[in-house]
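What follows is the content of run-v4.cif (mmCIF, C-alpha atoms).
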data_target
loop_
_atom_site.group_PDB
_atom_site.id
_atom_site.type_symbol
_atom_site.label_atom_id
_atom_site.label_comp_id
_atom_site.auth_asym_id
_atom_site.auth_seq_id
_atom_site.Cartn_x
_atom_site.Cartn_y
_atom_site.Cartn_z
ATOM 1 C CA MET A 3 -176.775 -57.577 -136.119
ATOM 2 C CA ASN A 4 -178.284 -54.250 -137.157
ATOM 3 C CA ASN A 5 -178.407 -52.642 -133.722
ATOM 4 C CA LEU A 6 -175.771 -49.969 -134.344
ATOM 5 C CA HIS A 7 -176.483 -46.794 -136.292
ATOM 6 C CA CYS A 8 -175.567 -43.123 -136.423
ATOM 7 C CA THR A 9 -176.551 -39.911 -138.179
ATOM 8 C CA TYR A 10 -173.769 -38.286 -140.180
ATOM 9 C CA ARG A 11 -174.218 -35.168 -142.305
ATOM 10 C CA ASP A 12 -178.005 -35.691 -142.237
ATOM 11 C CA HIS A 13 -177.691 -39.281 -143.506
ATOM 12 C CA ALA A 14 -178.639 -42.269 -141.340
ATOM 13 C CA ILE A 15 -175.997 -45.000 -141.422
ATOM 14 C CA GLY A 16 -176.870 -48.465 -140.148
ATOM 15 C CA VAL A 17 -174.591 -51.414 -139.521
ATOM 16 C CA ALA A 18 -175.369 -54.485 -141.651
ATOM 17 C CA ILE A 19 -173.192 -57.349 -140.423
ATOM 18 C CA ILE A 20 -173.511 -60.891 -141.743
ATOM 19 C CA GLU A 21 -172.123 -63.783 -139.700
ATOM 20 C CA HIS A 22 -170.386 -66.665 -141.462
ATOM 21 C CA PRO A 23 -169.731 -69.255 -138.716
ATOM 22 C CA GLY A 24 -166.910 -71.722 -139.098
ATOM 23 C CA ILE A 25 -164.294 -69.469 -140.701
ATOM 24 C CA PRO A 26 -161.483 -67.615 -138.863
ATOM 25 C CA THR A 27 -162.930 -64.198 -139.773
ATOM 26 C CA PRO A 28 -166.695 -64.757 -139.519
ATOM 27 C CA TRP A 29 -168.002 -61.178 -139.520
ATOM 28 C CA ALA A 30 -168.755 -59.632 -142.942
ATOM 29 C CA ALA A 31 -168.953 -55.864 -142.461
ATOM 30 C CA GLY A 32 -171.368 -53.666 -144.380
ATOM 31 C CA CYS A 33 -173.755 -50.756 -143.989
ATOM 32 C CA THR A 34 -177.000 -49.243 -145.202
ATOM 33 C CA ILE A 35 -177.450 -45.518 -145.782
ATOM 34 C CA THR A 36 -180.673 -43.537 -145.729
ATOM 35 C CA SER A 37 -180.508 -40.071 -147.281
ATOM 36 C CA PRO A 38 -182.450 -37.062 -145.943
ATOM 37 C CA ASP A 39 -185.119 -37.546 -148.655
ATOM 38 C CA GLY A 40 -185.868 -41.027 -147.267
ATOM 39 C CA SER A 41 -184.295 -43.151 -150.002
ATOM 40 C CA ALA A 42 -182.241 -46.027 -148.660
ATOM 41 C CA THR A 43 -179.489 -48.163 -150.129
ATOM 42 C CA LYS A 44 -179.300 -51.912 -150.070
ATOM 43 C CA ARG A 45 -176.536 -53.394 -147.938
ATOM 44 C CA ILE A 46 -173.196 -51.970 -149.067
ATOM 45 C CA PRO A 47 -170.341 -54.336 -148.145
ATOM 46 C CA LEU A 48 -166.815 -53.215 -147.473
ATOM 47 C CA PRO A 49 -164.319 -53.971 -150.245
ATOM 48 C CA LEU A 50 -163.585 -57.707 -150.226
ATOM 49 C CA ARG A 51 -160.031 -57.277 -148.941
ATOM 50 C CA PHE A 52 -161.359 -55.604 -145.767
ATOM 51 C CA ALA A 53 -164.861 -57.080 -145.480
ATOM 52 C CA PHE A 54 -164.258 -60.058 -143.180
ATOM 53 C CA LEU A 55 -163.190 -59.390 -139.598
ATOM 54 C CA ALA A 56 -162.449 -61.633 -136.624
ATOM 55 C CA ASP A 57 -164.599 -59.855 -134.031
ATOM 56 C CA LEU A 58 -168.036 -58.263 -134.096
ATOM 57 C CA GLU A 59 -167.032 -54.939 -132.524
ATOM 58 C CA SER A 60 -164.361 -54.322 -135.174
ATOM 59 C CA ALA A 61 -166.840 -55.176 -137.927
ATOM 60 C CA GLN A 62 -169.356 -52.699 -136.497
ATOM 61 C CA ARG A 63 -166.789 -49.889 -136.252
ATOM 62 C CA ALA A 64 -165.514 -50.587 -139.770
ATOM 63 C CA SER A 65 -169.080 -50.581 -141.114
ATOM 64 C CA LEU A 66 -169.867 -47.166 -139.632
ATOM 65 C CA ALA A 67 -166.552 -45.731 -140.838
ATOM 66 C CA HIS A 68 -167.200 -47.071 -144.341
ATOM 67 C CA GLY A 69 -170.680 -45.513 -144.340
ATOM 68 C CA LYS A 70 -169.280 -42.133 -143.287
ATOM 69 C CA TRP A 71 -166.651 -42.325 -146.031
ATOM 70 C CA LEU A 72 -169.346 -43.099 -148.613
ATOM 71 C CA VAL A 73 -171.466 -40.147 -147.435
ATOM 72 C CA ASP A 74 -168.431 -37.836 -147.622
ATOM 73 C CA ARG A 75 -167.706 -38.964 -151.195
ATOM 74 C CA HIS A 76 -171.358 -38.539 -152.111
ATOM 75 C CA LEU A 77 -171.640 -34.994 -150.764
ATOM 76 C CA ASP A 78 -168.141 -33.702 -151.564
ATOM 77 C CA GLN A 79 -167.320 -35.413 -154.869
ATOM 78 C CA GLY A 80 -170.734 -36.220 -156.349
ATOM 79 C CA VAL A 81 -170.222 -39.990 -156.261
ATOM 80 C CA SER A 82 -173.413 -41.987 -155.723
ATOM 81 C CA LEU A 83 -173.713 -43.894 -152.484
ATOM 82 C CA THR A 84 -173.195 -47.131 -154.378
ATOM 83 C CA GLY A 85 -169.903 -45.884 -155.862
ATOM 84 C CA GLU A 86 -170.903 -44.786 -159.359
ATOM 85 C CA ALA A 87 -170.037 -41.303 -160.589
ATOM 86 C CA GLN A 88 -172.969 -38.930 -160.962
ATOM 87 C CA ALA A 89 -173.226 -36.169 -163.527
ATOM 88 C CA LYS A 90 -172.981 -32.773 -161.870
ATOM 89 C CA ALA A 91 -175.413 -30.054 -162.927
ATOM 90 C CA ALA A 92 -173.719 -27.084 -164.565
#

Using the file provided, produce a representation of the structure as structure tokens.
Amino acid sequence: MNNLHCTYRDHAIGVAIIEHPGIPTPWAAGCTITSPDGSATKRIPLPLRFAFLADLESAQRASLAHGKWLVDRHLDQGVSLTGEAQAKAA
């Protein structure tokens, strides 16, 4: 399920979807992010309330959008890609 990816603000964002067959919303959306220095995150799931979607295409779009939002927060607000605040250099 990792066939979709994009480059956003010099960060590579990949879709990381997990299928859970047998439930009404079987697609668990998530992404991986690789920074320009080559370091990559583990799979970052969407918040639980929004993580499970009924169709694959929606899960892929949501995963990429979530990755872009995380990159924006990282570059603009100094929040790590995993969501923890980073100390800014003075």

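Counting from atom CA of A:Ser82, the distance to atom CA of A:Gln62 is 22.4 Å.
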
Worksheet entry | Exercise: A:Ser65 partners within 10 Å, only C-alpha atoms, chain neighbours under 2 positions left out, as a ChimeraX atom specification | /A:6-7,15-19,30-34,46-48,53,59-63,67-71

Discussion item. I need the residue nearest A:Cys8 from this list: A:Gly24, A:Asp39, A:Leu66, A:Trp29. Use all atoms listed in the file for the distance.
Written reply: A:Leu66

Item to complete: Go through A:Leu55, A:Ile20, A:Pro26, A:Arg11 and flag the residue nearest A:Pro38, using only C-alpha atoms for the distances.
Response: A:Arg11

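For the atom pair formed by atom CA of A:Ile25 and atom CA of A:Phe54, the distance is 9.7 Å, given to one decimal.
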
Response to the item:
A:His76 proximity check over A:Ile35, A:Leu50, A:Thr27, A:Glu21, using all atoms listed in the file: winner is A:Ile35

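Between atom CA of A:Pro28 and atom CA of A:Leu58 the separation is 8.6 Å.
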
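Closest approach to A:Tyr10 among A:Pro23, A:Ala56, A:Thr36, A:Thr84 is made by A:Thr36 (distances from all atoms listed in the file).
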
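For the set A:Asp78, A:Leu83, A:Asp57, A:Val73, the residue with the smallest atom-to-atom gap to A:Arg45 is A:Leu83, counting only C-alpha atoms.
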
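Remark: for A:Thr43, the closest of the candidate residues A:Asp12, A:Asn5, A:Leu72, A:Leu77 is A:Leu72 (distances computed over all atoms listed in the file).
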
Each side padded by 3 Å, which centre and which edge lengths in Å (one decimal) define the axis-aligned box around the listed atoms of stretch 3-17 of chain A? Give them as JSON.
{"center_x": -176.2, "center_y": -46.4, "center_z": -138.6, "size_x": 10.9, "size_y": 28.4, "size_z": 15.8}

For the structure just given, write the atoms of stretch 27-69 of chain A, namely N, CA and C atoms, as a PDB file, in the first residue's frame.
ATOM      1  N   THR A  27     -14.695   0.302   8.188  1.00  0.00           N
ATOM      2  CA  THR A  27     -13.699   1.268   7.722  1.00  0.00           C
ATOM      3  C   THR A  27     -12.315   0.603   7.817  1.00  0.00           C
ATOM      4  N   PRO A  28     -11.954  -0.175   6.782  1.00  0.00           N
ATOM      5  CA  PRO A  28     -10.779  -1.043   6.889  1.00  0.00           C
ATOM      6  C   PRO A  28      -9.424  -0.398   6.616  1.00  0.00           C
ATOM      7  N   TRP A  29      -9.391   0.852   6.190  1.00  0.00           N
ATOM      8  CA  TRP A  29      -8.120   1.453   5.785  1.00  0.00           C
ATOM      9  C   TRP A  29      -7.608   2.398   6.863  1.00  0.00           C
ATOM     10  N   ALA A  30      -6.479   2.036   7.495  1.00  0.00           N
ATOM     11  CA  ALA A  30      -5.848   2.859   8.528  1.00  0.00           C
ATOM     12  C   ALA A  30      -4.799   3.747   7.863  1.00  0.00           C
ATOM     13  N   ALA A  31      -5.072   5.043   7.824  1.00  0.00           N
ATOM     14  CA  ALA A  31      -4.195   5.988   7.133  1.00  0.00           C
ATOM     15  C   ALA A  31      -2.980   6.331   7.987  1.00  0.00           C
ATOM     16  N   GLY A  32      -1.867   6.583   7.309  1.00  0.00           N
ATOM     17  CA  GLY A  32      -0.639   6.988   7.971  1.00  0.00           C
ATOM     18  C   GLY A  32       0.396   7.375   6.927  1.00  0.00           C
ATOM     19  N   CYS A  33       1.518   7.912   7.381  1.00  0.00           N
ATOM     20  CA  CYS A  33       2.550   8.338   6.445  1.00  0.00           C
ATOM     21  C   CYS A  33       3.932   8.150   7.056  1.00  0.00           C
ATOM     22  N   THR A  34       4.934   8.201   6.197  1.00  0.00           N
ATOM     23  CA  THR A  34       6.325   8.260   6.616  1.00  0.00           C
ATOM     24  C   THR A  34       6.924   9.512   5.994  1.00  0.00           C
ATOM     25  N   ILE A  35       7.861  10.126   6.683  1.00  0.00           N
ATOM     26  CA  ILE A  35       8.474  11.361   6.193  1.00  0.00           C
ATOM     27  C   ILE A  35       9.983  11.213   6.242  1.00  0.00           C
ATOM     28  N   THR A  36      10.626  11.546   5.123  1.00  0.00           N
ATOM     29  CA  THR A  36      12.077  11.547   5.049  1.00  0.00           C
ATOM     30  C   THR A  36      12.529  12.989   4.870  1.00  0.00           C
ATOM     31  N   SER A  37      13.375  13.454   5.783  1.00  0.00           N
ATOM     32  CA  SER A  37      13.859  14.833   5.732  1.00  0.00           C
ATOM     33  C   SER A  37      15.001  14.951   4.724  1.00  0.00           C
ATOM     34  N   PRO A  38      15.368  16.178   4.348  1.00  0.00           N
ATOM     35  CA  PRO A  38      16.443  16.367   3.367  1.00  0.00           C
ATOM     36  C   PRO A  38      17.780  15.746   3.791  1.00  0.00           C
ATOM     37  N   ASP A  39      18.024  15.606   5.091  1.00  0.00           N
ATOM     38  CA  ASP A  39      19.287  15.006   5.550  1.00  0.00           C
ATOM     39  C   ASP A  39      19.268  13.477   5.502  1.00  0.00           C
ATOM     40  N   GLY A  40      18.141  12.892   5.078  1.00  0.00           N
ATOM     41  CA  GLY A  40      18.045  11.449   4.915  1.00  0.00           C
ATOM     42  C   GLY A  40      17.427  10.701   6.079  1.00  0.00           C
ATOM     43  N   SER A  41      17.178  11.375   7.195  1.00  0.00           N
ATOM     44  CA  SER A  41      16.552  10.681   8.328  1.00  0.00           C
ATOM     45  C   SER A  41      15.060  10.489   8.044  1.00  0.00           C
ATOM     46  N   ALA A  42      14.576   9.323   8.415  1.00  0.00           N
ATOM     47  CA  ALA A  42      13.176   8.989   8.132  1.00  0.00           C
ATOM     48  C   ALA A  42      12.434   8.652   9.421  1.00  0.00           C
ATOM     49  N   THR A  43      11.153   8.942   9.421  1.00  0.00           N
ATOM     50  CA  THR A  43      10.310   8.618  10.569  1.00  0.00           C
ATOM     51  C   THR A  43       9.791   7.201  10.426  1.00  0.00           C
ATOM     52  N   LYS A  44       9.311   6.660  11.509  1.00  0.00           N
ATOM     53  CA  LYS A  44       8.521   5.435  11.443  1.00  0.00           C
ATOM     54  C   LYS A  44       7.152   5.839  10.914  1.00  0.00           C
ATOM     55  N   ARG A  45       6.275   4.894  10.749  1.00  0.00           N
ATOM     56  CA  ARG A  45       4.913   5.200  10.299  1.00  0.00           C
ATOM     57  C   ARG A  45       4.240   6.114  11.315  1.00  0.00           C
ATOM     58  N   ILE A  46       3.691   7.216  10.828  1.00  0.00           N
ATOM     59  CA  ILE A  46       2.976   8.167  11.677  1.00  0.00           C
ATOM     60  C   ILE A  46       1.488   8.056  11.328  1.00  0.00           C
ATOM     61  N   PRO A  47       0.680   7.486  12.206  1.00  0.00           N
ATOM     62  CA  PRO A  47      -0.749   7.352  11.912  1.00  0.00           C
ATOM     63  C   PRO A  47      -1.485   8.674  12.091  1.00  0.00           C
ATOM     64  N   LEU A  48      -2.615   8.788  11.434  1.00  0.00           N
ATOM     65  CA  LEU A  48      -3.483   9.924  11.684  1.00  0.00           C
ATOM     66  C   LEU A  48      -4.044   9.793  13.099  1.00  0.00           C
ATOM     67  N   PRO A  49      -4.515  10.907  13.669  1.00  0.00           N
ATOM     68  CA  PRO A  49      -5.171  10.792  14.983  1.00  0.00           C
ATOM     69  C   PRO A  49      -6.303   9.763  14.907  1.00  0.00           C
ATOM     70  N   LEU A  50      -6.487   9.024  15.983  1.00  0.00           N
ATOM     71  CA  LEU A  50      -7.410   7.885  15.997  1.00  0.00           C
ATOM     72  C   LEU A  50      -8.800   8.227  15.474  1.00  0.00           C
ATOM     73  N   ARG A  51      -9.291   9.400  15.789  1.00  0.00           N
ATOM     74  CA  ARG A  51     -10.637   9.794  15.356  1.00  0.00           C
ATOM     75  C   ARG A  51     -10.767   9.838  13.830  1.00  0.00           C
ATOM     76  N   PHE A  52      -9.647  10.086  13.140  1.00  0.00           N
ATOM     77  CA  PHE A  52      -9.671  10.231  11.680  1.00  0.00           C
ATOM     78  C   PHE A  52      -8.890   9.144  10.951  1.00  0.00           C
ATOM     79  N   ALA A  53      -8.327   8.189  11.676  1.00  0.00           N
ATOM     80  CA  ALA A  53      -7.380   7.245  11.085  1.00  0.00           C
ATOM     81  C   ALA A  53      -8.018   6.200  10.185  1.00  0.00           C
ATOM     82  N   PHE A  54      -9.223   5.753  10.472  1.00  0.00           N
ATOM     83  CA  PHE A  54      -9.823   4.657   9.722  1.00  0.00           C
ATOM     84  C   PHE A  54     -10.824   5.195   8.706  1.00  0.00           C
ATOM     85  N   LEU A  55     -10.620   4.820   7.446  1.00  0.00           N
ATOM     86  CA  LEU A  55     -11.459   5.310   6.358  1.00  0.00           C
ATOM     87  C   LEU A  55     -12.043   4.146   5.567  1.00  0.00           C
ATOM     88  N   ALA A  56     -13.166   4.404   4.903  1.00  0.00           N
ATOM     89  CA  ALA A  56     -13.895   3.346   4.205  1.00  0.00           C
ATOM     90  C   ALA A  56     -13.288   2.975   2.857  1.00  0.00           C
ATOM     91  N   ASP A  57     -12.585   3.908   2.193  1.00  0.00           N
ATOM     92  CA  ASP A  57     -12.015   3.555   0.899  1.00  0.00           C
ATOM     93  C   ASP A  57     -10.535   3.930   0.820  1.00  0.00           C
ATOM     94  N   LEU A  58      -9.809   3.186   0.024  1.00  0.00           N
ATOM     95  CA  LEU A  58      -8.363   3.313  -0.081  1.00  0.00           C
ATOM     96  C   LEU A  58      -7.940   4.688  -0.591  1.00  0.00           C
ATOM     97  N   GLU A  59      -8.619   5.198  -1.606  1.00  0.00           N
ATOM     98  CA  GLU A  59      -8.239   6.495  -2.176  1.00  0.00           C
ATOM     99  C   GLU A  59      -8.344   7.617  -1.140  1.00  0.00           C
ATOM    100  N   SER A  60      -9.376   7.615  -0.343  1.00  0.00           N
ATOM    101  CA  SER A  60      -9.522   8.627   0.713  1.00  0.00           C
ATOM    102  C   SER A  60      -8.413   8.492   1.749  1.00  0.00           C
ATOM    103  N   ALA A  61      -8.059   7.268   2.093  1.00  0.00           N
ATOM    104  CA  ALA A  61      -6.987   7.039   3.061  1.00  0.00           C
ATOM    105  C   ALA A  61      -5.648   7.543   2.519  1.00  0.00           C
ATOM    106  N   GLN A  62      -5.404   7.341   1.235  1.00  0.00           N
ATOM    107  CA  GLN A  62      -4.166   7.825   0.624  1.00  0.00           C
ATOM    108  C   GLN A  62      -4.108   9.345   0.626  1.00  0.00           C
ATOM    109  N   ARG A  63      -5.199   9.992   0.228  1.00  0.00           N
ATOM    110  CA  ARG A  63      -5.231  11.464   0.214  1.00  0.00           C
ATOM    111  C   ARG A  63      -5.064  12.023   1.617  1.00  0.00           C
ATOM    112  N   ALA A  64      -5.736  11.429   2.591  1.00  0.00           N
ATOM    113  CA  ALA A  64      -5.636  11.893   3.976  1.00  0.00           C
ATOM    114  C   ALA A  64      -4.217  11.703   4.500  1.00  0.00           C
ATOM    115  N   SER A  65      -3.560  10.621   4.124  1.00  0.00           N
ATOM    116  CA  SER A  65      -2.195  10.364   4.567  1.00  0.00           C
ATOM    117  C   SER A  65      -1.226  11.423   4.045  1.00  0.00           C
ATOM    118  N   LEU A  66      -1.338  11.757   2.755  1.00  0.00           N
ATOM    119  CA  LEU A  66      -0.470  12.784   2.190  1.00  0.00           C
ATOM    120  C   LEU A  66      -0.751  14.153   2.815  1.00  0.00           C
ATOM    121  N   ALA A  67      -2.008  14.476   3.014  1.00  0.00           N
ATOM    122  CA  ALA A  67      -2.360  15.758   3.634  1.00  0.00           C
ATOM    123  C   ALA A  67      -1.817  15.842   5.056  1.00  0.00           C
ATOM    124  N   HIS A  68      -1.911  14.743   5.795  1.00  0.00           N
ATOM    125  CA  HIS A  68      -1.394  14.710   7.164  1.00  0.00           C
ATOM    126  C   HIS A  68       0.128  14.909   7.163  1.00  0.00           C
ATOM    127  N   GLY A  69       0.816  14.249   6.235  1.00  0.00           N
ATOM    128  CA  GLY A  69       2.262  14.411   6.121  1.00  0.00           C
ATOM    129  C   GLY A  69       2.654  15.841   5.813  1.00  0.00           C
TER     130      GLY A  69
END
